[in-house]
Amino acid sequence: MKDEAENLNALKKLSLEEAFKELESSENGISDSEALERTKKYGYNEIAEKKENPILKFLGYFWGPIPWMIELAAILSAIINHWEDFWIIFVLLLLNAVVGFWQENKASDAISELKKKLALNAKVIRDGKWKEIEASQLVPGDVIRLRLGDIIPADVKLFSGEYLMIDESALTGESLPVEKHNGDIGYSGSVVNQGEMNGLVVATGSNTFFGRTAKLVAEAKTISHFQKAVIKIGDYLIALAAFMVVIIFMVSFFRHESFIDTLQFALVLTVAAIPVALPAVLSVTMAVGASVLAKKKAIVSKLTAIEEMAGMDILCSDKTGTITKNQLTLSEVIPFEGFTADDILIFGSLSSREEDNDPIDLAILRKANSVVGVREKIKSYKINYFKPFDPVIKRSEAYVTSNENKNCKVAKGAPQVILNLISEKEKQKITELVNSKVNELAEKGYRALGIAVMYNQNEWKYAGLIPLFDPPRDDSAETIKTAQAMGINIKMITGDHTAIAKQIAKQVNLKSNILEASLLLNESDKKIGDVVENADGFAQVFPEHKYRIVEILQERKHIVGMTGDGVNDSPALKKADVGIAVAGATDAAKSAADIVLTLPGLSVIIDALKESRKIFQRMNSYAIYRIAETIRVLFFITLAIIVFNFYPVTAVMIVLLALFNDAPIMAIAYDNVKYSNNPERWDMRIVLGMATFLGLIGVVSSFTIYYLGRDYFHLSPGVLQSFIFLKLAIAGHLTIFLTRTRGPFWSIKPSAVLLWSAVITKLLATLFAVYGWFISPISWELALFVWAYAIVAFLITDFLKVKIYRLLDHTGIKFHR
């Protein structure tokens with residue numbers, strides 16, 4: 001393989017003709033059968049990811065601060081001959097490793113599947129025909145087409161075209177695009193900003209420049225609002241546990257108790273307090289959500305976007321293809337003096353190209369081919385050179401020769417751009433006519449394209465206008481209404497004329513305060529924020545305007561979503577909190593976006609929005625539950641030791657509680673929830689306040705059952721500990737059903753997975769207590785009493801929880817669940 005790599009790299013230094021000869025290829029590429037043979041020789045066009053050894057990965061779960069604490073507790077149990085404690089703690093350690101390993105693998109598999117769906121494609125010529133294949137199937141000798149918005153899939157020698165402007169910043173750090181011509185190398189991983197050329201593949205996979213410098217494009221990991229909240233929760237619980245452990249040590253020191261016994265108990269208590277399952281719950285919930293979204297045709301490329309989308313309150317939506325169908329139809333063309341309608345269709349067709357698959361080009365070609373006389377005349381022209389549409393100059397051009405050997409140049413583009421091509425003298429004559437016709441068409445919702453022609457290198461002549469209509473999608477009005485009901489402010493962003501944008505806005509339930517994007521440059525910094533915030537959309541938008549709109553809204557503390565499809569949308573997609581590449585987006589837009597849609601329209605975004613809010617609520621439920629449970633156990637045990645000089649549970653019981661809690665916690669990722677009708681925000685006052693309330697209620701409930709066991713049932717210390725253990729186990733699982741709803745616990749039906757995981761673990765805890773597995777046994781009568789007591793306490797707590805939420809609403813603190 002090393003020799004092959006050296007050979008491929010040597011090819012880059014050869015001339016184009018020598019490279020074709022060396023690779024036994026031509027401008028018409030190679031055959032499918034030859035490509036198959038070369039795949040065996042060179043391998044697939046991909047950079048093999050370094051696979052972590054699964055055994056080492058599993059052993060990694062026994063290394064780190066939390067595993068060290070559990071291991072130390074096990075060692076101390078062995079030293080003091082508490083072998084039952086040792087084996088149970090060992091099982092906890094093993095179980096945490098198995099669950100963590102399994103869940104992380106599950107999440108990784110889900111993400112890998114999503115990555116496959118985002119794989120790049122390439123347009124390649126095989127057996128003399130152009131076709132689209134996965135970029136991984138490219139081999140040296142293939143000929144591919146590269147155009148605006150493509151990510152170059154392999155190292156190529158460029159030919160057959162005027163130039164490419166390529167963004168190589170991801171590879172070289174150079175921010176300015178590089179101009180490439182025939183014979184130059186286009187590097188894998190760089191982005192085509194302008195132009196269109198063919199390329200001969202000279203290196204693939206790890207032999208590419210990208211493959212050898214992969215470290216340069218390593219993406220920095222971002223921390224979402226949820227991850228920050230989780231870190232705060234973890235810090236809060238660790239600090240709380242440390243404080244309680246210090247108190248326990250101080251008390252045991254003054255009471256001259258065994259230091260080793262106290263240390264073992266303190267370690268196990270700390271392990272129970274720290275959210276050991278937190279990373280697994282986070283990754284599984286996000287991965288499950290991403291898989292659900294993928295089924296709804298929204299592929300998540302960055303998991304943190306799921307949480308960000310839950311809080312999104314403004315969506316800057318592209319018009320074409322998102323709000324409208326992107327199925328352009330032509331109205332009657334408007335020829336100017338000296339030209340006919342047929343001339344306009346002919347010139348429009350000659351400056352269009354079917355293989356580029358551009359909606360405007362396809363619409364013009366369909367119309368021209370439907371007119372018999374026009375179709376025949378088009379065949380009489382020979383296209384010598386074609387310059388594809390460039391978003392910077394906003395036009396495409398073709399140099400053509402007719403049967404009479406007359407040379408001419410034709411151009412198609414924005415009406416004002418075409419107006420600027422003609423001479424000043426002609427411009428003065430025709431400007432008013434062009435503007436009036438464009439405005440007239442715009443008021444009807446039509447987009448106009450200008451057509452110009454130049455004969456024999458003379459002056460450009462404005463030939464006429466082609467009106468195009470892109471109707472709104474059938475579901476756009478209803479979808480926008482749904483989004484608005486969910487608290488989303490939708491702003492239409494379009495490059496079209498303001499009148500067209502206003503016409504479409506009226507048809508899809510949007511207000512018509514659509515402003516020209518040029519206002520962004522005219523207003524003062526102080527006023528511009530109000531202008532952008534209050535506008536219902538922007539027309540005649542350039543890519544730099546999109547970026548500025550997002551930036552201004554973010555400065556106003558909004559969480560902003562932005563849709564886009566082109567290479568020039570990439571900066572705005574990256575800048576937005578949630579960048580959404582719409583169906584049919586370029587590879588460059590997909591790589592910049594957080595979420596990639598595979599179906600057209602806004603309805604997919606609404607599905608993603610609903611799912612992200614559901615995920616947020618599951619995470620919120622988990623946060624409240626985890627804090628409440630820690631407070632309940634820590635405060636009760638610490639106070640019982642200080643006030644009554646009594647250890648209410650043993651170290652083994654704490655370990656068992658942690659074991660029984662893991663399964664229902666994992667099941668939260670699959671729970672049923674109702675999405676909120678408002679953007680979600682982390683409010684740590686509400687989270688900590690409700691968790692503290694539930695935790696303290698649990699402390700009171702635990703002390704009550706302690707008194708009943710000691711003074712009413714007159715239980716021995718060992719039996720009393722088992723009695724309390726069963727109460728903590730059952731009540732702890734019931735707390736999950738308190739935290740998952742804002743209203744009464746029955747207001748949202750729990751998922752079967754959550755319900756049965758809680759029921760089974762409760763039954764297991766009962767069997768442990770009744771049959772005395774590793775703990776002192778209690779009678780079935782006492783067990784049934786604990787069940788009844790826990791259920792009554794649960795119902796009372798649920799009633800109080802609803803009252804407290806109502807009180808918070810009346811005091812102006814909103815918490816939407």
# chains A, B, ... in the order shown; residues from 1 in each chain; ligands from 1
$ residues_around --residues "segment 597-607 of chain A" --least-positions-apart "2" --cutoff "9 Å" --atoms "only C-alpha atoms" --output "count of residues only"
31
$ select_by_dssp --residues "segment 398-510 of chain A" --states "alpha helix (DSSP H)" --output "VMD selection string"
chain A and resid 415 to 419 424 to 443 476 to 485 498 to 507
$ residues_around --residues "Leu330 of chain A" --least-positions-apart "2" --cutoff "9 Å" --atoms "only C-alpha atoms" --output "MDAnalysis selection string"
chainID A and resid 328 332:333 363:364 367 466:469
$ residues_around --residues "segment 307-314 of chain A" --least-positions-apart "5" --cutoff "9 Å" --atoms "only C-alpha atoms" --output "ChimeraX atom specification"
/A:224-226,286,486-491,553,558-562,577-578,608-616,678-682
$ residues_around --residues "Phe243 of chain A" --least-positions-apart "4" --cutoff "12 Å" --atoms "only C-alpha atoms" --output "list of chain:residue names"
A:Tyr236, A:Leu237, A:Ile238, A:Ala239, A:Ile247, A:Ile248, A:Phe249, A:Met250, A:Ala266, A:Leu269, A:Thr270, A:Ala273, A:Ile631, A:Leu634, A:Phe635, A:Thr638
$ write_last_selection --atoms "N, CA, C and O atoms" --output "PDB file, in the first residue's frame"
ATOM      1  N   TYR A 236     -23.353  20.444  42.014  1.00  0.00           N
ATOM      2  CA  TYR A 236     -24.243  20.670  43.162  1.00  0.00           C
ATOM      3  C   TYR A 236     -24.345  19.406  44.018  1.00  0.00           C
ATOM      4  O   TYR A 236     -24.232  19.459  45.252  1.00  0.00           O
ATOM      5  N   LEU A 237     -24.545  18.258  43.352  1.00  0.00           N
ATOM      6  CA  LEU A 237     -24.704  16.993  44.084  1.00  0.00           C
ATOM      7  C   LEU A 237     -23.398  16.556  44.754  1.00  0.00           C
ATOM      8  O   LEU A 237     -23.414  16.055  45.880  1.00  0.00           O
ATOM      9  N   ILE A 238     -22.287  16.749  44.054  1.00  0.00           N
ATOM     10  CA  ILE A 238     -20.984  16.375  44.623  1.00  0.00           C
ATOM     11  C   ILE A 238     -20.679  17.234  45.855  1.00  0.00           C
ATOM     12  O   ILE A 238     -20.226  16.728  46.890  1.00  0.00           O
ATOM     13  N   ALA A 239     -20.948  18.540  45.748  1.00  0.00           N
ATOM     14  CA  ALA A 239     -20.709  19.451  46.880  1.00  0.00           C
ATOM     15  C   ALA A 239     -21.590  19.067  48.061  1.00  0.00           C
ATOM     16  O   ALA A 239     -21.145  19.060  49.224  1.00  0.00           O
ATOM     17  N   ILE A 247     -19.667  15.923  57.710  1.00  0.00           N
ATOM     18  CA  ILE A 247     -20.441  15.922  58.967  1.00  0.00           C
ATOM     19  C   ILE A 247     -20.427  14.530  59.591  1.00  0.00           C
ATOM     20  O   ILE A 247     -20.223  14.381  60.808  1.00  0.00           O
ATOM     21  N   ILE A 248     -20.635  13.494  58.761  1.00  0.00           N
ATOM     22  CA  ILE A 248     -20.642  12.114  59.268  1.00  0.00           C
ATOM     23  C   ILE A 248     -19.289  11.760  59.897  1.00  0.00           C
ATOM     24  O   ILE A 248     -19.217  11.148  60.976  1.00  0.00           O
ATOM     25  N   PHE A 249     -18.189  12.151  59.263  1.00  0.00           N
ATOM     26  CA  PHE A 249     -16.846  11.884  59.800  1.00  0.00           C
ATOM     27  C   PHE A 249     -16.638  12.607  61.133  1.00  0.00           C
ATOM     28  O   PHE A 249     -16.064  12.042  62.085  1.00  0.00           O
ATOM     29  N   MET A 250     -17.107  13.846  61.201  1.00  0.00           N
ATOM     30  CA  MET A 250     -16.942  14.608  62.447  1.00  0.00           C
ATOM     31  C   MET A 250     -17.706  13.953  63.594  1.00  0.00           C
ATOM     32  O   MET A 250     -17.186  13.795  64.709  1.00  0.00           O
ATOM     33  N   ALA A 266     -19.064   6.074  54.150  1.00  0.00           N
ATOM     34  CA  ALA A 266     -19.020   7.399  53.507  1.00  0.00           C
ATOM     35  C   ALA A 266     -18.751   7.267  52.011  1.00  0.00           C
ATOM     36  O   ALA A 266     -19.350   7.981  51.195  1.00  0.00           O
ATOM     37  N   LEU A 269     -21.882   5.961  50.337  1.00  0.00           N
ATOM     38  CA  LEU A 269     -22.898   7.024  50.340  1.00  0.00           C
ATOM     39  C   LEU A 269     -22.592   8.060  49.250  1.00  0.00           C
ATOM     40  O   LEU A 269     -23.496   8.516  48.537  1.00  0.00           O
ATOM     41  N   THR A 270     -21.317   8.391  49.112  1.00  0.00           N
ATOM     42  CA  THR A 270     -20.905   9.369  48.081  1.00  0.00           C
ATOM     43  C   THR A 270     -21.177   8.823  46.689  1.00  0.00           C
ATOM     44  O   THR A 270     -21.666   9.542  45.811  1.00  0.00           O
ATOM     45  N   ALA A 273     -24.720   9.148  45.887  1.00  0.00           N
ATOM     46  CA  ALA A 273     -25.145  10.537  45.683  1.00  0.00           C
ATOM     47  C   ALA A 273     -24.719  11.079  44.328  1.00  0.00           C
ATOM     48  O   ALA A 273     -25.427  11.880  43.718  1.00  0.00           O
ATOM     49  N   ILE A 631     -30.997  14.323  47.617  1.00  0.00           N
ATOM     50  CA  ILE A 631     -31.351  15.065  48.839  1.00  0.00           C
ATOM     51  C   ILE A 631     -32.079  14.153  49.813  1.00  0.00           C
ATOM     52  O   ILE A 631     -31.786  14.128  51.008  1.00  0.00           O
ATOM     53  N   LEU A 634     -29.446  11.423  51.184  1.00  0.00           N
ATOM     54  CA  LEU A 634     -28.331  12.027  51.926  1.00  0.00           C
ATOM     55  C   LEU A 634     -28.774  12.680  53.223  1.00  0.00           C
ATOM     56  O   LEU A 634     -28.200  12.454  54.293  1.00  0.00           O
ATOM     57  N   PHE A 635     -29.806  13.530  53.128  1.00  0.00           N
ATOM     58  CA  PHE A 635     -30.263  14.268  54.322  1.00  0.00           C
ATOM     59  C   PHE A 635     -30.811  13.313  55.378  1.00  0.00           C
ATOM     60  O   PHE A 635     -30.531  13.466  56.569  1.00  0.00           O
ATOM     61  N   THR A 638     -27.847  11.234  56.949  1.00  0.00           N
ATOM     62  CA  THR A 638     -26.958  12.090  57.743  1.00  0.00           C
ATOM     63  C   THR A 638     -27.649  12.543  59.035  1.00  0.00           C
ATOM     64  O   THR A 638     -27.062  12.474  60.123  1.00  0.00           O
TER      65      THR A 638
END
$ closest_residue --among "A:Asn458, A:Ser716, A:Ile668, A:Ser701" --to "Leu755 of chain A" --atoms "only C-alpha atoms"
A:Ile668
$ residues_around --residues "Lys461 of chain A" --least-positions-apart "2" --cutoff "10 Å" --atoms "only C-alpha atoms" --output "ChimeraX atom specification"
/A:336-339,410,418-419,421-423,426-427,451-455,458-459,463-464
$ write_last_selection --atoms "N, CA and C atoms" --output "PDB file, in the first residue's frame"
ATOM      1  N   PHE A 336     -38.668  42.158 -25.670  1.00  0.00           N
ATOM      2  CA  PHE A 336     -38.544  43.598 -25.887  1.00  0.00           C
ATOM      3  C   PHE A 336     -38.358  43.861 -27.387  1.00  0.00           C
ATOM      4  N   GLU A 337     -38.299  45.128 -27.761  1.00  0.00           N
ATOM      5  CA  GLU A 337     -38.263  45.539 -29.161  1.00  0.00           C
ATOM      6  C   GLU A 337     -37.127  44.833 -29.928  1.00  0.00           C
ATOM      7  N   GLY A 338     -37.472  44.265 -31.056  1.00  0.00           N
ATOM      8  CA  GLY A 338     -36.484  43.610 -31.912  1.00  0.00           C
ATOM      9  C   GLY A 338     -36.369  42.119 -31.674  1.00  0.00           C
ATOM     10  N   PHE A 339     -37.117  41.590 -30.709  1.00  0.00           N
ATOM     11  CA  PHE A 339     -37.033  40.162 -30.385  1.00  0.00           C
ATOM     12  C   PHE A 339     -38.430  39.561 -30.294  1.00  0.00           C
ATOM     13  N   VAL A 410     -24.904  34.642 -25.061  1.00  0.00           N
ATOM     14  CA  VAL A 410     -26.208  34.828 -24.407  1.00  0.00           C
ATOM     15  C   VAL A 410     -26.012  34.792 -22.896  1.00  0.00           C
ATOM     16  N   ILE A 418     -28.634  41.956 -15.585  1.00  0.00           N
ATOM     17  CA  ILE A 418     -28.647  42.008 -17.052  1.00  0.00           C
ATOM     18  C   ILE A 418     -28.689  43.464 -17.528  1.00  0.00           C
ATOM     19  N   LEU A 419     -29.410  44.309 -16.794  1.00  0.00           N
ATOM     20  CA  LEU A 419     -29.480  45.735 -17.128  1.00  0.00           C
ATOM     21  C   LEU A 419     -28.100  46.381 -17.094  1.00  0.00           C
ATOM     22  N   LEU A 421     -25.348  45.019 -17.899  1.00  0.00           N
ATOM     23  CA  LEU A 421     -24.494  44.549 -18.991  1.00  0.00           C
ATOM     24  C   LEU A 421     -24.552  45.482 -20.202  1.00  0.00           C
ATOM     25  N   ILE A 422     -25.718  46.089 -20.403  1.00  0.00           N
ATOM     26  CA  ILE A 422     -25.905  46.856 -21.639  1.00  0.00           C
ATOM     27  C   ILE A 422     -25.285  48.246 -21.521  1.00  0.00           C
ATOM     28  N   SER A 423     -25.120  48.899 -22.662  1.00  0.00           N
ATOM     29  CA  SER A 423     -24.478  50.222 -22.691  1.00  0.00           C
ATOM     30  C   SER A 423     -25.346  51.269 -21.992  1.00  0.00           C
ATOM     31  N   GLU A 426     -28.321  52.493 -24.136  1.00  0.00           N
ATOM     32  CA  GLU A 426     -29.435  51.546 -24.153  1.00  0.00           C
ATOM     33  C   GLU A 426     -30.122  51.471 -22.788  1.00  0.00           C
ATOM     34  N   LYS A 427     -29.306  51.573 -21.765  1.00  0.00           N
ATOM     35  CA  LYS A 427     -29.807  51.462 -20.390  1.00  0.00           C
ATOM     36  C   LYS A 427     -30.832  52.561 -20.100  1.00  0.00           C
ATOM     37  N   ILE A 451     -32.954  38.316 -19.939  1.00  0.00           N
ATOM     38  CA  ILE A 451     -32.222  37.620 -21.001  1.00  0.00           C
ATOM     39  C   ILE A 451     -31.530  38.663 -21.875  1.00  0.00           C
ATOM     40  N   ALA A 452     -30.242  38.451 -22.145  1.00  0.00           N
ATOM     41  CA  ALA A 452     -29.493  39.369 -23.005  1.00  0.00           C
ATOM     42  C   ALA A 452     -28.722  38.578 -24.056  1.00  0.00           C
ATOM     43  N   VAL A 453     -28.413  39.255 -25.186  1.00  0.00           N
ATOM     44  CA  VAL A 453     -27.664  38.616 -26.260  1.00  0.00           C
ATOM     45  C   VAL A 453     -26.653  39.611 -26.838  1.00  0.00           C
ATOM     46  N   MET A 454     -25.509  39.074 -27.259  1.00  0.00           N
ATOM     47  CA  MET A 454     -24.476  39.905 -27.905  1.00  0.00           C
ATOM     48  C   MET A 454     -24.072  39.218 -29.210  1.00  0.00           C
ATOM     49  N   TYR A 455     -24.227  39.928 -30.322  1.00  0.00           N
ATOM     50  CA  TYR A 455     -23.868  39.375 -31.623  1.00  0.00           C
ATOM     51  C   TYR A 455     -22.486  39.861 -32.040  1.00  0.00           C
ATOM     52  N   ASN A 458     -20.280  42.652 -30.391  1.00  0.00           N
ATOM     53  CA  ASN A 458     -20.742  44.042 -30.361  1.00  0.00           C
ATOM     54  C   ASN A 458     -21.207  44.391 -28.954  1.00  0.00           C
ATOM     55  N   GLU A 459     -22.333  45.029 -28.810  1.00  0.00           N
ATOM     56  CA  GLU A 459     -22.852  45.388 -27.485  1.00  0.00           C
ATOM     57  C   GLU A 459     -23.967  44.432 -27.085  1.00  0.00           C
ATOM     58  N   ALA A 463     -32.882  41.403 -24.350  1.00  0.00           N
ATOM     59  CA  ALA A 463     -33.841  40.719 -25.231  1.00  0.00           C
ATOM     60  C   ALA A 463     -35.238  40.622 -24.636  1.00  0.00           C
ATOM     61  N   GLY A 464     -35.336  40.422 -23.322  1.00  0.00           N
ATOM     62  CA  GLY A 464     -36.656  40.294 -22.715  1.00  0.00           C
ATOM     63  C   GLY A 464     -36.605  39.674 -21.330  1.00  0.00           C
TER      64      GLY A 464
END
$ closest_residue --among "A:Asn645, A:Ser252, A:Thr692, A:Ser512" --to "Ala623 of chain A" --atoms "only C-alpha atoms"
A:Thr692
$ decode --residues "segment 436-448 of chain A" --atoms "N, CA, C and O atoms" --output "PDB file, in the first residue's frame"
ATOM      1  N   SER A 436     -40.650  48.543 -14.501  1.00  0.00           N
ATOM      2  CA  SER A 436     -42.118  48.495 -14.404  1.00  0.00           C
ATOM      3  C   SER A 436     -42.636  47.074 -14.624  1.00  0.00           C
ATOM      4  O   SER A 436     -43.541  46.614 -13.922  1.00  0.00           O
ATOM      5  N   LYS A 437     -42.031  46.354 -15.618  1.00  0.00           N
ATOM      6  CA  LYS A 437     -42.458  44.978 -15.883  1.00  0.00           C
ATOM      7  C   LYS A 437     -42.112  44.046 -14.718  1.00  0.00           C
ATOM      8  O   LYS A 437     -42.905  43.184 -14.327  1.00  0.00           O
ATOM      9  N   VAL A 438     -40.907  44.232 -14.139  1.00  0.00           N
ATOM     10  CA  VAL A 438     -40.475  43.405 -12.999  1.00  0.00           C
ATOM     11  C   VAL A 438     -41.403  43.625 -11.806  1.00  0.00           C
ATOM     12  O   VAL A 438     -41.833  42.667 -11.140  1.00  0.00           O
ATOM     13  N   ASN A 439     -41.742  44.894 -11.523  1.00  0.00           N
ATOM     14  CA  ASN A 439     -42.633  45.214 -10.401  1.00  0.00           C
ATOM     15  C   ASN A 439     -44.040  44.673 -10.640  1.00  0.00           C
ATOM     16  O   ASN A 439     -44.681  44.156  -9.717  1.00  0.00           O
ATOM     17  N   GLU A 440     -44.489  44.788 -11.863  1.00  0.00           N
ATOM     18  CA  GLU A 440     -45.819  44.292 -12.231  1.00  0.00           C
ATOM     19  C   GLU A 440     -45.898  42.781 -12.018  1.00  0.00           C
ATOM     20  O   GLU A 440     -46.880  42.258 -11.479  1.00  0.00           O
ATOM     21  N   LEU A 441     -44.863  42.076 -12.448  1.00  0.00           N
ATOM     22  CA  LEU A 441     -44.809  40.625 -12.273  1.00  0.00           C
ATOM     23  C   LEU A 441     -44.695  40.257 -10.795  1.00  0.00           C
ATOM     24  O   LEU A 441     -45.333  39.307 -10.329  1.00  0.00           O
ATOM     25  N   ALA A 442     -43.877  40.997 -10.061  1.00  0.00           N
ATOM     26  CA  ALA A 442     -43.652  40.711  -8.638  1.00  0.00           C
ATOM     27  C   ALA A 442     -44.939  40.820  -7.835  1.00  0.00           C
ATOM     28  O   ALA A 442     -45.194  40.031  -6.922  1.00  0.00           O
ATOM     29  N   GLU A 443     -45.765  41.825  -8.172  1.00  0.00           N
ATOM     30  CA  GLU A 443     -47.037  42.001  -7.451  1.00  0.00           C
ATOM     31  C   GLU A 443     -47.978  40.823  -7.667  1.00  0.00           C
ATOM     32  O   GLU A 443     -48.860  40.557  -6.860  1.00  0.00           O
ATOM     33  N   LYS A 444     -47.773  40.098  -8.751  1.00  0.00           N
ATOM     34  CA  LYS A 444     -48.570  38.897  -9.016  1.00  0.00           C
ATOM     35  C   LYS A 444     -47.907  37.640  -8.443  1.00  0.00           C
ATOM     36  O   LYS A 444     -48.424  36.539  -8.579  1.00  0.00           O
ATOM     37  N   GLY A 445     -46.712  37.841  -7.849  1.00  0.00           N
ATOM     38  CA  GLY A 445     -45.994  36.707  -7.264  1.00  0.00           C
ATOM     39  C   GLY A 445     -45.019  36.054  -8.213  1.00  0.00           C
ATOM     40  O   GLY A 445     -44.499  34.971  -7.929  1.00  0.00           O
ATOM     41  N   TYR A 446     -44.754  36.701  -9.366  1.00  0.00           N
ATOM     42  CA  TYR A 446     -43.835  36.129 -10.354  1.00  0.00           C
ATOM     43  C   TYR A 446     -42.429  36.684 -10.165  1.00  0.00           C
ATOM     44  O   TYR A 446     -42.240  37.872  -9.934  1.00  0.00           O
ATOM     45  N   ARG A 447     -41.459  35.806 -10.328  1.00  0.00           N
ATOM     46  CA  ARG A 447     -40.056  36.191 -10.315  1.00  0.00           C
ATOM     47  C   ARG A 447     -39.592  36.351 -11.762  1.00  0.00           C
ATOM     48  O   ARG A 447     -39.894  35.488 -12.597  1.00  0.00           O
ATOM     49  N   ALA A 448     -38.886  37.437 -12.051  1.00  0.00           N
ATOM     50  CA  ALA A 448     -38.465  37.691 -13.429  1.00  0.00           C
ATOM     51  C   ALA A 448     -36.985  37.406 -13.612  1.00  0.00           C
ATOM     52  O   ALA A 448     -36.171  37.687 -12.734  1.00  0.00           O
TER      53      ALA A 448
END
